[in-house]
file my_file.txt (compact mmCIF, C-alpha atoms and all ligand atoms)
# COMPACT_ATOMS: atom_id res chain seq x y z
CA MET Z 165 0.53 24.32 11.69
CA LYS Z 166 4.30 24.12 11.52
CA GLU Z 167 6.19 26.71 9.51
CA ALA Z 168 7.55 24.10 7.08
CA ASP Z 169 4.01 22.80 6.51
CA ARG Z 170 2.71 26.29 5.91
CA ALA Z 171 5.35 26.96 3.26
CA LEU Z 172 4.72 23.63 1.57
CA VAL Z 173 0.97 24.16 1.53
CA SER Z 174 1.25 27.58 -0.05
CA GLN Z 175 3.62 26.21 -2.71
CA LEU Z 176 1.17 23.39 -3.37
CA ARG Z 177 -1.68 25.85 -3.72
CA GLU Z 178 0.34 27.70 -6.34
CA GLY Z 179 0.54 24.43 -8.27
CA ASP Z 180 4.26 23.99 -7.70
CA GLN Z 181 5.15 20.51 -8.98
CA SER Z 182 8.29 20.22 -6.87
CA ALA Z 183 6.23 20.93 -3.75
CA PHE Z 184 4.01 18.00 -4.64
CA ASP Z 185 7.09 15.81 -5.09
CA THR Z 186 8.36 16.94 -1.70
CA LEU Z 187 5.04 16.13 -0.07
CA VAL Z 188 4.98 12.64 -1.57
CA ARG Z 189 8.63 11.93 -0.82
CA GLN Z 190 8.20 13.05 2.75
CA TYR Z 191 5.19 10.92 3.61
CA GLN Z 192 5.12 8.06 1.10
CA ARG Z 193 6.69 5.49 3.42
CA ASP Z 194 4.55 6.28 6.43
CA LEU Z 195 1.31 6.20 4.46
CA PHE Z 196 2.27 3.11 2.51
CA ARG Z 197 3.26 1.18 5.65
CA LEU Z 198 0.12 2.15 7.49
CA ALA Z 199 -2.01 1.09 4.54
CA TYR Z 200 0.00 -2.10 4.15
CA ARG Z 201 -0.43 -3.12 7.77
CA MET Z 202 -4.12 -2.36 7.62
CA THR Z 203 -4.80 -4.19 4.36
CA ARG Z 204 -1.94 -6.72 4.43
CA ASN Z 205 -1.66 -6.27 0.69
CA ALA Z 206 1.10 -4.31 -1.04
CA GLU Z 207 -0.96 -3.54 -4.12
CA ASP Z 208 -3.83 -2.16 -2.02
CA ALA Z 209 -1.35 -0.26 0.11
CA LYS Z 210 0.09 1.39 -2.97
CA ASP Z 211 -3.31 2.28 -4.40
CA LEU Z 212 -4.72 3.55 -1.12
CA SER Z 213 -1.70 5.64 -0.18
CA GLN Z 214 -1.56 7.15 -3.68
CA GLU Z 215 -5.24 7.92 -3.46
CA ALA Z 216 -4.59 9.65 -0.15
CA PHE Z 217 -2.03 11.94 -1.79
CA LEU Z 218 -4.42 12.73 -4.62
CA ARG Z 219 -7.25 13.54 -2.26
CA ALA Z 220 -4.98 15.64 -0.15
CA TYR Z 221 -3.81 17.57 -3.20
CA ARG Z 222 -7.27 18.03 -4.59
CA GLY Z 223 -8.67 18.91 -1.20
CA LEU Z 224 -6.03 21.50 -0.37
CA GLY Z 225 -8.80 24.07 -0.29
CA ASN Z 226 -10.34 22.24 2.67
CA PHE Z 227 -7.12 22.06 4.61
CA ASP Z 228 -7.60 24.61 7.34
CA GLY Z 229 -4.17 24.28 8.88
CA ARG Z 230 -5.53 23.53 12.33
CA SER Z 231 -3.77 20.19 12.28
CA SER Z 232 -0.38 19.36 10.83
CA LEU Z 233 0.04 18.09 7.29
CA SER Z 234 1.00 14.65 8.56
CA THR Z 235 -2.12 14.44 10.73
CA TRP Z 236 -4.21 15.43 7.76
CA LEU Z 237 -2.55 12.88 5.47
CA TYR Z 238 -2.86 10.14 8.06
CA ARG Z 239 -6.53 10.98 8.50
CA ILE Z 240 -7.23 10.66 4.78
CA THR Z 241 -5.28 7.39 4.61
CA VAL Z 242 -7.00 5.91 7.66
CA ASN Z 243 -10.41 6.81 6.30
CA LEU Z 244 -9.61 5.26 2.93
CA CYS Z 245 -8.27 2.09 4.56
CA ILE Z 246 -11.24 1.78 6.90
CA SER Z 247 -13.73 2.06 4.06
CA HIS Z 248 -11.65 -0.35 2.00
CA LEU Z 249 -11.69 -2.89 4.84
CA ARG Z 250 -15.42 -2.45 5.40
CA GLN Z 251 -16.08 -2.98 1.73
CA GLN Z 252 -13.87 -6.03 1.71
CA ARG Z 253 -15.51 -7.45 4.81
CA SER Z 254 -19.01 -6.97 3.52
CA SER Z 255 -18.11 -8.61 0.21
CA ASP Z 256 -16.38 -11.47 2.05
CA ALA Z 257 -19.30 -11.94 4.41
CA GLY Z 258 -21.05 -14.51 2.26
CA GLU Z 259 -17.93 -16.47 1.45
CA VAL Z 260 -16.28 -19.33 3.22
CA PRO Z 261 -13.34 -17.83 5.06
CA GLU Z 262 -10.01 -18.35 3.38
CA THR Z 263 -7.98 -21.10 4.99
CA HIS Z 264 -4.58 -19.91 6.02
CA ALA Z 265 -1.34 -21.71 6.50
CA ASP Z 266 -1.38 -23.93 9.55
CA LEU Z 267 -1.97 -21.57 12.44
CA SER Z 268 -3.33 -24.17 14.82
CA PRO Z 269 -2.27 -23.39 18.37
CA ARG Z 270 1.25 -24.48 19.15
CA PRO Z 271 3.81 -23.15 21.60
CA LEU Z 272 4.77 -19.67 20.53
CA ASP Z 273 8.50 -20.31 20.43
CA GLU Z 274 7.96 -23.28 18.14
CA LEU Z 275 6.29 -21.17 15.52
CA GLU Z 276 8.54 -19.98 12.78
CA ALA Z 277 8.98 -16.21 12.60
CA ARG Z 278 6.88 -16.21 9.45
CA GLU Z 279 4.03 -17.95 11.12
CA ILE Z 280 4.19 -15.63 14.09
CA HIS Z 281 3.99 -12.64 11.80
CA GLY Z 282 1.11 -14.33 10.04
CA ALA Z 283 -0.68 -15.02 13.29
CA VAL Z 284 -0.17 -11.47 14.58
CA GLY Z 285 -1.25 -9.98 11.26
CA GLU Z 286 -4.31 -12.18 11.28
CA ALA Z 287 -5.19 -11.20 14.84
CA VAL Z 288 -4.72 -7.51 14.07
CA SER Z 289 -6.82 -7.78 10.93
CA GLU Z 290 -9.67 -9.20 12.97
CA LEU Z 291 -9.86 -6.09 15.13
CA PRO Z 292 -12.49 -3.49 14.28
CA PRO Z 293 -10.87 -1.10 11.77
CA GLN Z 294 -10.90 1.85 14.19
CA GLN Z 295 -9.03 -0.16 16.79
CA GLN Z 296 -6.66 -1.46 14.16
CA ALA Z 297 -5.77 2.03 13.01
CA THR Z 298 -5.38 3.25 16.58
CA LEU Z 299 -3.08 0.37 17.48
CA LEU Z 300 -0.88 0.82 14.40
CA LEU Z 301 -0.62 4.57 14.79
CA ARG Z 302 0.38 4.10 18.39
CA VAL Z 303 2.79 1.17 18.08
CA HIS Z 304 4.32 1.69 14.64
CA HIS Z 305 4.03 5.40 14.09
CA ARG Z 306 4.61 6.19 17.76
CA LEU Z 307 2.08 8.96 17.82
CA PRO Z 308 0.75 10.48 21.03
CA TYR Z 309 -2.91 9.91 21.92
CA ARG Z 310 -3.71 13.54 21.22
CA GLU Z 311 -2.52 13.26 17.64
CA ILE Z 312 -4.22 9.92 17.08
CA ALA Z 313 -7.42 11.54 18.34
CA GLU Z 314 -7.04 14.27 15.71
CA ILE Z 315 -6.44 11.68 13.01
CA MET Z 316 -9.41 9.58 14.07
CA GLU Z 317 -11.56 12.66 14.64
CA SER Z 318 -12.47 11.44 18.09
CA SER Z 319 -11.56 12.22 21.67
CA GLU Z 320 -8.38 11.26 23.41
CA GLY Z 321 -10.46 9.16 25.81
CA THR Z 322 -11.94 7.15 22.95
CA VAL Z 323 -8.50 6.60 21.51
CA ARG Z 324 -7.20 5.28 24.83
CA VAL Z 325 -10.16 2.93 25.16
CA ASN Z 326 -9.71 1.70 21.59
CA TYR Z 327 -6.04 1.10 22.15
CA PHE Z 328 -6.70 -0.69 25.42
CA HIS Z 329 -9.33 -2.96 23.82
CA ALA Z 330 -7.12 -3.69 20.84
CA VAL Z 331 -4.17 -4.74 22.99
CA ALA Z 332 -6.38 -6.77 25.35
CA LYS Z 333 -7.91 -8.67 22.44
CA LEU Z 334 -4.56 -9.37 20.86
CA ARG Z 335 -3.12 -10.40 24.17
CA ALA Z 336 -5.96 -12.89 24.66
CA GLN Z 337 -5.61 -14.27 21.15
CA LEU Z 338 -1.88 -14.61 21.24
CA LYS Z 339 -2.12 -16.13 24.69
CA GLY Z 340 -4.42 -18.76 23.21
CA LEU Z 341 -1.78 -19.44 20.63
CA ARG Z 342 0.72 -20.07 23.37
CA ASP Z 343 -1.29 -21.86 26.06
CA ASP Z 344 -3.46 -24.20 24.02
CA ALA Z 345 -0.52 -26.30 22.97
CA MET H 265 -5.55 -1.78 45.62
CA GLU H 266 -6.66 -5.13 44.22
CA CYS H 267 -4.79 -6.87 41.38
CA GLU H 268 -7.74 -6.09 39.11
CA ALA H 269 -7.17 -2.36 39.55
CA TYR H 270 -3.45 -2.68 38.99
CA ARG H 271 -3.97 -4.71 35.85
CA SER H 272 -6.21 -2.08 34.36
CA LYS H 273 -3.23 0.29 34.57
CA LEU H 274 -0.65 -2.12 33.20
CA LEU H 275 -0.82 -0.91 29.62
CA GLU H 276 -0.24 2.67 30.66
CA TYR H 277 2.55 1.46 32.89
CA VAL H 278 4.23 -0.41 30.06
CA ASP H 279 3.72 2.60 27.79
CA GLY H 280 5.36 4.90 30.36
CA ASP H 281 2.13 6.82 30.53
CA LEU H 282 1.48 6.84 34.29
CA THR H 283 2.30 9.63 36.72
CA ALA H 284 5.51 9.06 38.64
CA ALA H 285 3.60 8.18 41.81
CA ALA H 286 1.26 5.73 40.09
CA HIS H 287 4.19 4.22 38.27
CA ALA H 288 6.14 3.67 41.48
CA GLU H 289 3.12 2.16 43.21
CA LEU H 290 2.49 -0.31 40.42
CA GLU H 291 6.15 -1.17 40.23
CA ALA H 292 6.15 -1.99 43.91
CA HIS H 293 3.11 -4.21 43.46
CA LEU H 294 4.77 -6.06 40.59
CA THR H 295 7.70 -7.04 42.79
CA ARG H 296 5.27 -8.68 45.21
CA CYS H 297 2.73 -10.20 42.81
CA PRO H 298 3.79 -12.93 40.36
CA GLY H 299 0.33 -12.96 38.72
CA CYS H 300 0.48 -9.30 37.77
CA ARG H 301 4.10 -9.71 36.76
CA GLU H 302 3.15 -12.45 34.35
CA GLU H 303 0.43 -10.25 32.97
CA GLU H 304 2.96 -7.48 32.48
CA HIS H 305 5.25 -9.80 30.53
CA ALA H 306 2.37 -10.95 28.36
CA LEU H 307 1.49 -7.34 27.55
CA ARG H 308 5.06 -6.47 26.68
CA GLU H 309 5.25 -9.57 24.52
CA THR H 310 2.03 -8.67 22.73
CA LEU H 311 3.22 -5.14 22.01
CA ALA H 312 6.58 -6.44 20.82
CA LEU H 313 4.85 -8.82 18.42
CA VAL H 314 2.75 -6.00 17.00
CA ALA H 315 5.83 -3.80 16.72
CA ARG H 316 7.53 -6.51 14.68
CA MET H 317 4.67 -6.80 12.18
CA PRO H 318 6.51 -6.62 8.89
CA ALA H 319 5.89 -4.19 6.08
CA PRO H 320 7.69 -4.27 2.76
CA GLU H 321 10.60 -1.91 2.13
CA PRO H 322 10.13 -1.12 -1.54
CA PRO H 323 13.26 -0.17 -3.49
CA GLU H 324 13.86 3.34 -4.80
CA VAL H 325 12.69 2.34 -8.27
CA PHE H 326 9.27 1.55 -6.81
CA TRP H 327 9.01 5.03 -5.32
CA GLN H 328 10.09 6.64 -8.58
CA GLN H 329 7.28 4.87 -10.39
CA TYR H 330 4.92 5.68 -7.52
CA LEU H 331 5.68 9.38 -7.86
CA ARG H 332 5.50 9.29 -11.65
CA GLU H 333 2.02 7.81 -11.51
CA LEU H 334 0.91 10.42 -9.03
CA ARG H 335 2.30 13.28 -11.11
CA GLN H 336 0.36 12.05 -14.10
CA LYS H 337 -2.81 12.01 -12.08
CA VAL H 338 -2.44 15.45 -10.56
CA ALA H 339 -1.28 17.17 -13.72
CA PRO H 340 -2.72 15.44 -16.76
CA ALA H 341 -0.98 16.42 -20.00
CA PRO H 342 -2.63 19.49 -21.58
CA ARG H 343 -5.41 18.19 -23.80
CA LEU H 344 -4.76 18.89 -27.45
CA PRO H 345 -7.74 18.73 -29.75
CA ARG H 346 -8.37 15.04 -30.30
CA LEU H 347 -7.44 14.75 -33.96
CA GLN H 348 -4.28 16.74 -33.46
CA ASN H 349 -3.45 14.59 -30.49
CA TRP H 350 -4.08 11.44 -32.47
CA LEU H 351 -1.88 12.60 -35.32
CA ALA H 352 0.80 13.68 -32.92
CA THR H 353 0.87 10.23 -31.38
CA LEU H 354 0.93 8.52 -34.73
CA THR H 355 3.71 10.60 -36.14
CA ALA H 356 5.74 10.36 -33.00
CA ARG H 357 6.75 6.75 -33.68
CA PRO H 358 4.12 4.19 -34.42
CA ILE H 359 3.85 4.73 -38.20
CA PRO H 360 7.54 4.11 -38.83
CA ALA H 361 7.38 1.30 -36.33
CA LEU H 362 4.37 -0.21 -38.04
CA ALA H 363 6.00 0.11 -41.47
CA VAL H 364 9.18 -1.54 -40.24
CA GLY H 365 7.11 -4.19 -38.55
CA ILE H 366 5.09 -5.04 -41.63
CA ALA H 367 8.18 -5.05 -43.85
CA LEU H 368 9.99 -7.38 -41.47
CA PHE H 369 6.96 -9.56 -41.15
CA LEU H 370 6.62 -9.89 -44.91
CA ALA H 371 10.31 -10.50 -45.33
CA VAL H 372 10.28 -13.29 -42.80
CA PHE H 373 7.09 -14.71 -44.20
CA LEU H 374 8.48 -14.78 -47.75
CA THR H 375 11.77 -16.24 -46.58
CA TRP H 376 9.90 -18.89 -44.74
CA GLN H 377 7.77 -19.64 -47.81
CA SER H 378 10.80 -20.09 -50.02
CA SER H 379 13.15 -21.66 -47.50
CA PRO H 380 13.81 -25.36 -48.09
CA GLU H 381 14.66 -25.85 -44.43
CA ARG H 382 11.61 -24.66 -42.65
CA PRO H 383 11.75 -24.13 -38.95
CA PRO H 384 9.40 -26.33 -36.96
CA ILE H 385 6.00 -25.24 -38.09
CA ARG H 386 4.38 -25.21 -34.65
CA GLU H 387 6.87 -22.70 -33.31
CA LEU H 388 6.53 -20.33 -36.21
CA THR H 389 2.76 -20.35 -36.45
CA SER H 390 2.24 -19.75 -32.76
CA LEU H 391 4.73 -16.92 -32.91
CA ASP H 392 3.07 -15.36 -35.93
CA LEU H 393 -0.33 -15.78 -34.43
CA ALA H 394 0.79 -14.09 -31.26
CA GLN H 395 2.25 -11.21 -33.22
CA GLN H 396 -0.86 -10.79 -35.27
CA LEU H 397 -3.05 -10.95 -32.23
CA VAL H 398 -1.03 -8.37 -30.39
CA LEU H 399 -0.89 -6.19 -33.47
CA SER H 400 -4.58 -6.42 -34.26
CA GLN H 401 -5.58 -5.89 -30.66
CA ASP H 402 -3.48 -2.80 -30.52
CA LEU H 403 -4.80 -1.56 -33.83
CA ASP H 404 -8.30 -1.93 -32.45
CA MET H 405 -7.20 0.07 -29.48
CA LEU H 406 -5.69 2.62 -31.78
CA ARG H 407 -9.09 3.20 -33.27
CA GLU H 408 -10.35 4.20 -29.90
CA MET H 409 -8.92 7.62 -29.82
CA ASP H 410 -9.47 8.04 -26.12
CA LEU H 411 -6.81 5.52 -25.43
CA LEU H 412 -4.29 7.45 -27.41
CA GLU H 413 -4.12 9.82 -24.51
CA GLU H 414 -2.87 7.06 -22.31
CA ILE H 415 0.85 6.94 -21.97
CA ASP H 416 0.51 3.17 -21.60
CA LEU H 417 -0.09 2.94 -25.31
CA LEU H 418 3.40 4.11 -26.00
CA GLU H 419 4.61 1.28 -23.84
CA ASP H 420 2.41 -1.12 -25.79
CA TRP H 421 3.94 0.17 -28.95
CA GLU H 422 7.37 -0.45 -27.59
CA LEU H 423 6.29 -3.97 -26.79
CA ILE H 424 4.96 -4.55 -30.30
CA GLN H 425 8.06 -3.06 -31.79
CA SER H 426 10.28 -5.33 -29.76
CA ARG H 427 8.20 -8.39 -30.57
CA ILE H 428 8.16 -7.61 -34.25
CA ILE H 429 11.86 -7.03 -34.31
CA GLU H 430 12.90 -9.84 -32.02
CA GLY H 431 10.24 -12.35 -33.01
CA PRO H 432 11.24 -13.05 -36.62
CA ARG H 433 14.89 -13.22 -35.66
CA LYS H 434 14.12 -16.16 -33.46
CA ALA H 435 12.17 -17.79 -36.25
CA THR H 436 14.82 -17.58 -38.92
ZN ZN F 501 -1.32 -8.39 41.47
call {"tool": "encode", "arguments": {"input": "my_file.txt", "output": "structure tokens"}}
result
Amino acid sequence: MKEADRALVSQLREGDQSAFDTLVRQYQRDLFRLAYRMTRNAEDAKDLSQEAFLRAYRGLGNFDGRSSLSTWLYRITVNLCISHLRQQRSSDAGEVPETHADLSPRPLDELEAREIHGAVGEAVSELPPQQQATLLLRVHHRLPYREIAEIMESSEGTVRVNYFHAVAKLRAQLKGLRDDA
Amino acid sequence: MECEAYRSKLLEYVDGDLTAAAHAELEAHLTRCPGCREEEHALRETLALVARMPAPEPPEVFWQQYLRELRQKVAPAPRLPRLQNWLATLTARPIPALAVGIALFLAVFLTWQSSPERPPIRELTSLDLAQQLVLSQDLDMLREMDLLEEIDLLEDWELIQSRIIEGPRKAT
């Protein structure tokens, strides 16, 4: 654990309100963005990232300091998002899938930026949640495999495989978008 | 090495994750093989698209509210005994507010009754009805003492206050 983390954790354990503020201020954007890209919903992203802070605060006793604070916070957020997505998927299972704005295959450069974002978001959201989290942590949060493995509580090898599969699937889907014109 | 083997290393190549030797070898292959080169471009394009996935950039006021909500949840206000708490909330503002509200309401109602030029009746009744509804709903809530502990109630009271004060003005 880094020295700054250690100091912050001990202040938090003493119930120091300003330490809690510091914790939130320091990580709010990262956790919110991760949750947003996983859920594609700002309201859910707010709720889930706030819940992550609460769980972290309440679970301070379980924080053993073997990983960094950010790893620990990411882990809580990822777990919350994954269970949120699973819940959502199982409750959506019986429903007719929502029809989205026209995403029928067309040449990629003809798609408006909005539609491209929509198509990419859609493709990412169709990945298994573990792969989704791995991809986002790697591409957006620029974390090394070792740290992603700590967050995901798996091995570095598994993380690499997940990342590889995620990119391959996206590549195939976005290729379809381009070639089927 | 076959193209297949090179392609399985492309992601690591693009990520700068290969050893120097492996990197150089793949690079050399790419200069000779248009198929693998195209695959490389597609991978880079895919990663660039993912990297551009948007996320909102909430304004500072959002984060202030975000933090405020969290603070409330981690450190709930010390719980006074319920009756004391209830009285404290009532005396803080709502009673004067309620008194002012009722007085204003009556004043407007009486003025309306005696005024020869009545405002359009539809407008006034719907306004009154809305006020009464809001008021009675909140009074019901008031009876549920649990809710008094919610800070939201104070905001509701501010809403009622503003409606009571602003509402009749519009009507007269
Ligand atoms: Zn080749």
call {"tool": "interface_residues", "arguments": {"input": "my_file.txt", "of": "chain H", "to": "chain Z", "cutoff": "8 Å", "atoms": "only C-alpha atoms", "output": "list in words"}}
result
Leu275, Ala306, Leu307, Thr310, Leu311, Leu313, Val314, Ala315, Arg316, Met317, Pro318, Ala319, Pro320, Tyr330, Leu331, Leu334, Lys337 and Val338 of chain H
call {"tool": "residues_near_ligand", "arguments": {"input": "my_file.txt", "ligand": "ligand ZN 501 (chain F)", "cutoff": "7 Å", "atoms": "only C-alpha atoms and all ligand atoms", "output": "list in words"}}
result
Glu266, Cys267, Tyr270, His293, Leu294, Cys297, Pro298, Gly299 and Cys300 of chain H
call {"tool": "residues_around", "arguments": {"input": "my_file.txt", "residues": "Glu276 in chain H", "least_positions_apart": "3", "cutoff": "12 Å", "atoms": "all atoms listed in the file", "output": "ChimeraX atom specification"}}
result
/Z:309,324-325,327-328,331 /H:270-273,279-284,286-287,290,304,307-308
call {"tool": "residues_near_point", "arguments": {"input": "my_file.txt", "point": "(-7.6, 13.9, 21.4)", "cutoff": "9 Å", "atoms": "all atoms listed in the file", "output": "number ranges by chain"}}
result
Z: 309-323
call {"tool": "closest_residue", "arguments": {"input": "my_file.txt", "among": "Z:Gln296, Z:Ser231, Z:Ser174, Z:Thr203", "to": "His248 in chain Z", "atoms": "all atoms listed in the file"}}
result
Z:Thr203
call {"tool": "atom_distance", "arguments": {"input": "my_file.txt", "atom1": "CA of Leu176 in chain Z", "atom2": "CA of Leu224 in chain Z"}}
result
8.0 Å
call {"tool": "atom_distance", "arguments": {"input": "my_file.txt", "atom1": "CA of Glu321 in chain H", "atom2": "CA of Ala209 in chain Z"}}
result
12.2 Å
call {"tool": "atom_distance", "arguments": {"input": "my_file.txt", "atom1": "CA of Arg170 in chain Z", "atom2": "CA of Gly229 in chain Z"}}
result
7.8 Å
call {"tool": "residues_around", "arguments": {"input": "my_file.txt", "residues": "Met202 in chain Z", "least_positions_apart": "5", "cutoff": "8 Å", "atoms": "all atoms listed in the file", "output": "PyMOL selection string"}}
result
chain Z and resi 245+289+296-297
call {"tool": "write_last_selection", "arguments": {"input": "my_file.txt", "atoms": "C-alpha atoms", "output": "short mmCIF file (atom, residue, chain, number, x, y, z; two decimals), keeping the file's coordinate frame"}}
result
data_model
loop_
_atom_site.label_atom_id
_atom_site.label_comp_id
_atom_site.auth_asym_id
_atom_site.auth_seq_id
_atom_site.Cartn_x
_atom_site.Cartn_y
_atom_site.Cartn_z
CA CYS Z 245 -8.27 2.09 4.56
CA SER Z 289 -6.82 -7.78 10.93
CA GLN Z 296 -6.66 -1.46 14.16
CA ALA Z 297 -5.77 2.03 13.01
#
